[in-house]
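Quick look at entry.pdb (PDB, C-alpha atoms):
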ATOM      1  CA  MET A 121     125.858  99.834 101.215
ATOM      2  CA  SER A 122     122.806  98.415  99.523
ATOM      3  CA  GLU A 123     120.123 100.570  97.973
ATOM      4  CA  LYS A 124     117.675  99.274 100.572
ATOM      5  CA  GLY A 125     119.949 100.468 103.393
ATOM      6  CA  ARG A 126     120.281 103.927 101.860
ATOM      7  CA  LYS A 127     116.529 104.142 101.403
ATOM      8  CA  ALA A 128     115.900 103.082 105.027
ATOM      9  CA  LEU A 129     118.322 105.704 106.369
ATOM     10  CA  LYS A 130     116.769 108.390 104.178
ATOM     11  CA  ASN A 131     113.301 107.331 105.327
ATOM     12  CA  ASN A 132     114.391 107.537 108.991
ATOM     13  CA  LEU A 133     115.682 111.055 108.356
ATOM     14  CA  LEU A 134     112.511 112.272 106.632
ATOM     15  CA  VAL A 135     110.095 110.676 109.087
ATOM     16  CA  GLY A 136     112.188 111.866 112.053
ATOM     17  CA  ILE A 137     112.098 115.449 110.758
ATOM     18  CA  LEU A 138     108.317 115.217 110.211
ATOM     19  CA  TYR A 139     107.824 113.907 113.751
ATOM     20  CA  GLU A 140     109.941 116.754 115.108
ATOM     21  CA  ILE A 141     107.921 119.338 113.158
ATOM     22  CA  ALA A 142     104.613 117.838 114.325
ATOM     23  CA  GLY A 143     105.853 117.710 117.920
ATOM     24  CA  LEU A 144     107.031 121.301 117.827
ATOM     25  CA  ALA A 145     103.709 122.398 116.270
ATOM     26  CA  CYS A 146     101.812 120.699 119.107
ATOM     27  CA  LEU A 147     104.148 122.275 121.649
ATOM     28  CA  MET A 148     103.618 125.734 120.173
ATOM     29  CA  ALA A 149      99.847 125.215 120.113
ATOM     30  CA  ALA A 150      99.884 124.112 123.756
ATOM     31  CA  LEU A 151     102.030 127.061 124.838
ATOM     32  CA  CYS A 152     100.082 129.672 122.871
ATOM     33  CA  THR A 153      96.594 128.615 123.950
ATOM     34  CA  GLU A 154      94.805 127.886 127.188
ATOM     35  CA  THR A 155      92.235 125.216 126.488
ATOM     36  CA  LYS A 156      91.226 121.868 127.890
ATOM     37  CA  LEU A 157      93.354 120.297 125.169
ATOM     38  CA  ASP A 158      96.649 121.573 126.593
ATOM     39  CA  GLY A 159      97.442 118.298 128.355
ATOM     40  CA  PHE A 160      96.731 116.356 125.178
ATOM     41  CA  LEU A 161      98.831 118.761 123.106
ATOM     42  CA  PHE A 162     101.763 118.534 125.523
ATOM     43  CA  GLY A 163     101.526 114.737 125.359
ATOM     44  CA  MET A 164     101.496 114.774 121.553
ATOM     45  CA  ALA A 165     104.400 117.225 121.580
ATOM     46  CA  GLY A 166     106.432 114.891 123.778
ATOM     47  CA  ALA A 167     105.585 111.911 121.590
ATOM     48  CA  GLY A 168     106.493 113.762 118.388
ATOM     49  CA  ILE A 169     109.690 115.311 119.676
ATOM     50  CA  GLY A 170     110.813 112.134 121.469
ATOM     51  CA  GLY A 171     109.940 109.795 118.603
ATOM     52  CA  GLY A 172     111.519 112.115 116.048
ATOM     53  CA  ALA A 173     114.673 112.425 118.103
ATOM     54  CA  ALA A 174     114.917 108.637 118.381
ATOM     55  CA  MET A 175     114.574 108.256 114.620
ATOM     56  CA  LEU A 176     117.144 110.966 113.924
ATOM     57  CA  ILE A 177     119.598 109.447 116.407
ATOM     58  CA  LYS A 178     119.100 106.058 114.762
ATOM     59  CA  ARG A 179     119.716 107.583 111.343
ATOM     60  CA  PHE A 180     122.939 109.314 112.345
ATOM     61  CA  TYR A 181     124.176 106.385 114.458
ATOM     62  CA  TRP A 182     123.743 103.805 111.694
ATOM     63  CA  GLY A 183     124.702 106.265 108.960
ATOM     64  CA  ALA A 184     128.237 106.618 110.335
ATOM     65  CA  PRO A 185     130.867 105.207 107.938
ATOM     66  CA  GLY A 186     131.940 102.422 110.297
ATOM     67  CA  ARG A 187     128.400 101.137 110.879
ATOM     68  CA  ILE A 188     126.829 101.271 107.419
ATOM     69  CA  GLN A 189     127.883  97.731 106.492
ATOM     70  CA  ARG A 190     126.518  96.310 109.776
ATOM     71  CA  TYR A 191     123.226  98.171 109.255
ATOM     72  CA  SER A 192     122.903  96.722 105.762
ATOM     73  CA  GLN A 193     123.481  93.217 107.159
ATOM     74  CA  MET A 194     120.863  93.816 109.857
ATOM     75  CA  LEU A 195     118.322  94.899 107.247
ATOM     76  CA  ASP A 196     119.050  91.811 105.143
ATOM     77  CA  GLN A 197     118.649  89.540 108.185
ATOM     78  CA  GLU A 198     115.414  91.304 109.144
ATOM     79  CA  ASP A 199     114.124  90.811 105.600
ATOM     80  CA  ILE A 200     114.922  87.090 105.777
ATOM     81  CA  GLU A 201     113.129  86.810 109.134
ATOM     82  CA  LEU A 202     110.037  88.594 107.815
ATOM     83  CA  ARG A 203     109.840  86.425 104.708
ATOM     84  CA  ASP A 204     110.366  83.113 106.513
ATOM     85  CA  GLU A 205     107.312  80.989 105.667
ATOM     86  CA  LEU A 206     107.062  79.269 109.048
ATOM     87  CA  LYS A 207     107.277  82.534 110.968
ATOM     88  CA  ARG A 208     104.792  84.159 108.613
ATOM     89  CA  LYS A 209     102.324  81.346 109.242
ATOM     90  CA  LEU A 210     102.918  81.503 112.989
ATOM     91  CA  ARG A 211     102.403  85.290 112.966
ATOM     92  CA  ASP A 212      99.091  84.791 111.193
ATOM     93  CA  GLN A 213      97.987  82.123 113.664
ATOM     94  CA  SER A 214      99.079  84.146 116.705
ATOM     95  CA  GLY A 215      97.290  87.195 115.296
ATOM     96  CA  ARG A 216      94.115  85.151 114.942
ATOM     97  CA  ALA A 217      94.469  83.806 118.493
ATOM     98  CA  ALA A 218      95.032  87.336 119.842
ATOM     99  CA  TYR A 219      92.013  88.549 117.875
ATOM    100  CA  LEU A 220      89.811  85.823 119.377
ATOM    101  CA  ALA A 221      91.148  86.554 122.874
ATOM    102  CA  GLY A 222      90.386  90.235 122.284
ATOM    103  CA  ILE A 223      86.817  89.403 121.292
ATOM    104  CA  GLY A 224      86.436  87.392 124.494
ATOM    105  CA  VAL A 225      87.813  90.220 126.622
ATOM    106  CA  THR A 226      85.531  92.695 124.836
ATOM    107  CA  CYS A 227      82.482  90.543 125.579
ATOM    108  CA  VAL A 228      83.414  90.253 129.265
ATOM    109  CA  THR A 229      84.067  94.017 129.369
ATOM    110  CA  MET A 230      80.624  94.742 127.957
ATOM    111  CA  VAL A 231      79.014  92.677 130.707
ATOM    112  CA  VAL A 232      81.144  94.265 133.436
ATOM    113  CA  LEU A 233      80.521  97.818 132.170
ATOM    114  CA  SER A 234      76.787  97.126 131.914
ATOM    115  CA  ALA A 235      76.744  95.949 135.519
ATOM    116  CA  MET A 236      78.838  98.911 136.624
ATOM    117  CA  SER A 237      76.539 101.361 134.889
ATOM    118  CA  ALA A 238      73.683 100.084 137.039
ATOM    119  CA  TRP A 239      75.649 100.864 140.217
ATOM    120  CA  VAL A 240      77.716 103.852 139.180
ATOM    121  CA  LYS A 241      75.987 106.507 137.132
ATOM    122  CA  THR A 242      79.113 107.969 135.539
ATOM    123  CA  LEU A 243      82.293 106.411 134.277
ATOM    124  CA  SER A 244      85.223 108.767 134.066
ATOM    125  CA  VAL A 245      86.872 109.355 130.725
ATOM    126  CA  GLN A 246      90.263 108.675 132.310
ATOM    127  CA  ALA A 247      89.095 105.217 133.403
ATOM    128  CA  VAL A 248      87.953 104.392 129.877
ATOM    129  CA  ILE A 249      91.227 105.663 128.383
ATOM    130  CA  LEU A 250      93.251 103.623 130.880
ATOM    131  CA  TYR A 251      91.171 100.549 130.079
ATOM    132  CA  LEU A 252      91.727 101.018 126.337
ATOM    133  CA  ALA A 253      95.476 101.446 126.890
ATOM    134  CA  ALA A 254      95.556  98.272 128.993
ATOM    135  CA  PHE A 255      93.520  96.462 126.343
ATOM    136  CA  LEU A 256      95.956  97.554 123.632
ATOM    137  CA  ILE A 257      98.899  96.292 125.675
ATOM    138  CA  PHE A 258      97.007  93.054 126.333
ATOM    139  CA  GLN A 259      96.354  92.546 122.607
ATOM    140  CA  PHE A 260     100.002  93.080 121.719
ATOM    141  CA  GLY A 261     101.274  90.959 124.594
ATOM    142  CA  ILE A 262      98.927  88.034 124.004
ATOM    143  CA  GLY A 263      99.821  87.985 120.296
ATOM    144  CA  LEU A 264     103.523  87.950 121.125
ATOM    145  CA  TRP A 265     102.993  85.245 123.757
ATOM    146  CA  PHE A 266     101.071  83.029 121.297
ATOM    147  CA  PHE A 267     103.768  83.551 118.652
ATOM    148  CA  ARG A 268     106.584  82.561 121.013
ATOM    149  CA  LYS A 269     104.692  79.522 122.304
ATOM    150  CA  MET A 270     104.028  78.287 118.763
ATOM    151  CA  LEU A 271     107.611  79.005 117.695
ATOM    152  CA  GLU A 272     108.941  76.940 120.632
ATOM    153  CA  LYS A 273     106.937  73.999 119.313
ATOM    154  CA  TYR A 274     108.777  74.066 115.961
ATOM    155  CA  GLU A 275     112.313  74.918 117.115
TER     156      GLU A 275
END
This entry written out as structure tokens:
Amino acid sequence: MSEKGRKALKNNLLVGILYEIAGLACLMAALCTETKLDGFLFGMAGAGIGGGAAMLIKRFYWGAPGRIQRYSQMLDQEDIELRDELKRKLRDQSGRAAYLAGIGVTCVTMVVLSAMSAWVKTLSVQAVILYLAAFLIFQFGIGLWFFRKMLEKYE
């Protein structure tokens, strides 16, 4: 196995353990206190424990003797894909397009929220959080869509 593969597996182990510790700390804080932050702490606990478990499972799955060679090949292929000049340029262009689309959506949102504030005196925090989550998904999705559309043009 290559040095890069060993380093990646070790990194997955360390980061997975740190996620688990952070998740368990949030869980303990949520169980030991009764504050308005309990829901947030339970959510962070689930994210830490779940994400850490996924990383640890990945580490032990790919660290098995029969899979180490395949994992090393996957890392090499991933490295080639990331360093491909055409794909790098397309990623940059799709990122710029997603950024510009995000600016447009932000401008429209400002107008809509200004109009809403004239009619509705309070906006709930949950509504704002849901909007930001949807906006984040939109940004990621539009960038991926632009990338795939541009890649189709060259393949």
Pick from A:Ala128, A:Ala149, A:Leu210, A:Met175: nearest to Met270 in chain A, with only C-alpha atoms counted?
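Of A:Ala128, A:Ala149, A:Leu210, A:Met175, the one nearest Met270 in chain A, counting only C-alpha atoms, is A:Leu210.
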Would you mind reading off the distance between CA of Thr242 in chain A and CA of Thr155 in chain A, one decimal, in Å?
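Calculated distance between CA of Thr242 in chain A and CA of Thr155 in chain A is 23.5 Å.
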Could you check the closest approach to Leu176 in chain A for each of A:Leu250, A:Ile262, A:Leu133, A:Ala238 and tell me which residue wins, using only C-alpha atoms?
A:Leu133
Close residues, range 165-170 of chain A itself excluded, 10 Å, only C-alpha atoms, min 6 positions apart in chain, as a list in words:
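With the cut-off at 10 Å, the set is Gly136, Ile137, Leu138, Tyr139, Glu140, Ile141, Ala142, Gly143, Leu144, Ala145, Cys146, Leu147, Met148, Ala149, Ala150, Gly159 and Leu176 of chain A.
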Please report, as a Markdown table, each residue of range 158-211 of chain A lying at most 12 Å from range 272-275 of chain A, together with the nearest pair of atoms and the separation in Å rounded to one decimal; use all atoms listed in the file, and order rows by chain and ascending residue number.
| residue | atom | partner | partner_atom | distance |
| --- | --- | --- | --- | --- |
| A:Leu206 | CA | A:Tyr274 | CA | 8.8 |
| A:Lys207 | CA | A:Tyr274 | CA | 9.9 |
| A:Lys209 | CA | A:Tyr274 | CA | 11.8 |
| A:Leu210 | CA | A:Tyr274 | CA | 9.9 |
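A straight line drawn from CA of Glu198 in chain A to CA of Ile257 in chain A is 23.9 Å long.
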To one decimal place, how far is CA of Leu134 in chain A from CA of Ala173 in chain A in Å?
11.7 Å
How about completing range 235-251 of chain A with N, CA and C atoms and giving it to me as a PDB file, in the coordinates of the input?
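What follows is the written file rebuild-v8.pdb:
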ATOM      1  N   ALA A 235      77.035  96.098 134.090  1.00  0.00           N
ATOM      2  CA  ALA A 235      76.744  95.949 135.519  1.00  0.00           C
ATOM      3  C   ALA A 235      77.193  97.187 136.288  1.00  0.00           C
ATOM      4  N   MET A 236      78.348  97.716 135.930  1.00  0.00           N
ATOM      5  CA  MET A 236      78.838  98.911 136.624  1.00  0.00           C
ATOM      6  C   MET A 236      77.938 100.112 136.382  1.00  0.00           C
ATOM      7  N   SER A 237      77.395 100.208 135.176  1.00  0.00           N
ATOM      8  CA  SER A 237      76.539 101.361 134.889  1.00  0.00           C
ATOM      9  C   SER A 237      75.260 101.339 135.714  1.00  0.00           C
ATOM     10  N   ALA A 238      74.855 100.161 136.165  1.00  0.00           N
ATOM     11  CA  ALA A 238      73.683 100.084 137.039  1.00  0.00           C
ATOM     12  C   ALA A 238      74.010 100.607 138.430  1.00  0.00           C
ATOM     13  N   TRP A 239      75.252 100.424 138.881  1.00  0.00           N
ATOM     14  CA  TRP A 239      75.649 100.864 140.217  1.00  0.00           C
ATOM     15  C   TRP A 239      76.237 102.260 140.223  1.00  0.00           C
ATOM     16  N   VAL A 240      77.052 102.556 139.244  1.00  0.00           N
ATOM     17  CA  VAL A 240      77.716 103.852 139.180  1.00  0.00           C
ATOM     18  C   VAL A 240      77.146 104.594 137.980  1.00  0.00           C
ATOM     19  N   LYS A 241      76.656 105.777 138.207  1.00  0.00           N
ATOM     20  CA  LYS A 241      75.987 106.507 137.132  1.00  0.00           C
ATOM     21  C   LYS A 241      76.951 107.098 136.107  1.00  0.00           C
ATOM     22  N   THR A 242      78.170 107.384 136.500  1.00  0.00           N
ATOM     23  CA  THR A 242      79.113 107.969 135.539  1.00  0.00           C
ATOM     24  C   THR A 242      80.428 107.206 135.569  1.00  0.00           C
ATOM     25  N   LEU A 243      80.952 106.976 134.409  1.00  0.00           N
ATOM     26  CA  LEU A 243      82.293 106.411 134.277  1.00  0.00           C
ATOM     27  C   LEU A 243      83.204 107.537 133.829  1.00  0.00           C
ATOM     28  N   SER A 244      84.336 107.679 134.445  1.00  0.00           N
ATOM     29  CA  SER A 244      85.223 108.767 134.066  1.00  0.00           C
ATOM     30  C   SER A 244      85.905 108.454 132.742  1.00  0.00           C
ATOM     31  N   VAL A 245      86.188 109.499 132.009  1.00  0.00           N
ATOM     32  CA  VAL A 245      86.872 109.355 130.725  1.00  0.00           C
ATOM     33  C   VAL A 245      88.268 108.778 130.951  1.00  0.00           C
ATOM     34  N   GLN A 246      88.931 109.189 132.022  1.00  0.00           N
ATOM     35  CA  GLN A 246      90.263 108.675 132.310  1.00  0.00           C
ATOM     36  C   GLN A 246      90.237 107.162 132.516  1.00  0.00           C
ATOM     37  N   ALA A 247      89.201 106.656 133.175  1.00  0.00           N
ATOM     38  CA  ALA A 247      89.095 105.217 133.403  1.00  0.00           C
ATOM     39  C   ALA A 247      88.949 104.477 132.074  1.00  0.00           C
ATOM     40  N   VAL A 248      88.150 105.019 131.185  1.00  0.00           N
ATOM     41  CA  VAL A 248      87.953 104.392 129.877  1.00  0.00           C
ATOM     42  C   VAL A 248      89.255 104.427 129.070  1.00  0.00           C
ATOM     43  N   ILE A 249      89.959 105.549 129.110  1.00  0.00           N
ATOM     44  CA  ILE A 249      91.227 105.663 128.383  1.00  0.00           C
ATOM     45  C   ILE A 249      92.254 104.686 128.950  1.00  0.00           C
ATOM     46  N   LEU A 250      92.329 104.582 130.268  1.00  0.00           N
ATOM     47  CA  LEU A 250      93.251 103.623 130.880  1.00  0.00           C
ATOM     48  C   LEU A 250      92.893 102.191 130.512  1.00  0.00           C
ATOM     49  N   TYR A 251      91.586 101.893 130.487  1.00  0.00           N
ATOM     50  CA  TYR A 251      91.171 100.549 130.079  1.00  0.00           C
ATOM     51  C   TYR A 251      91.587 100.277 128.639  1.00  0.00           C
TER      52      TYR A 251
END
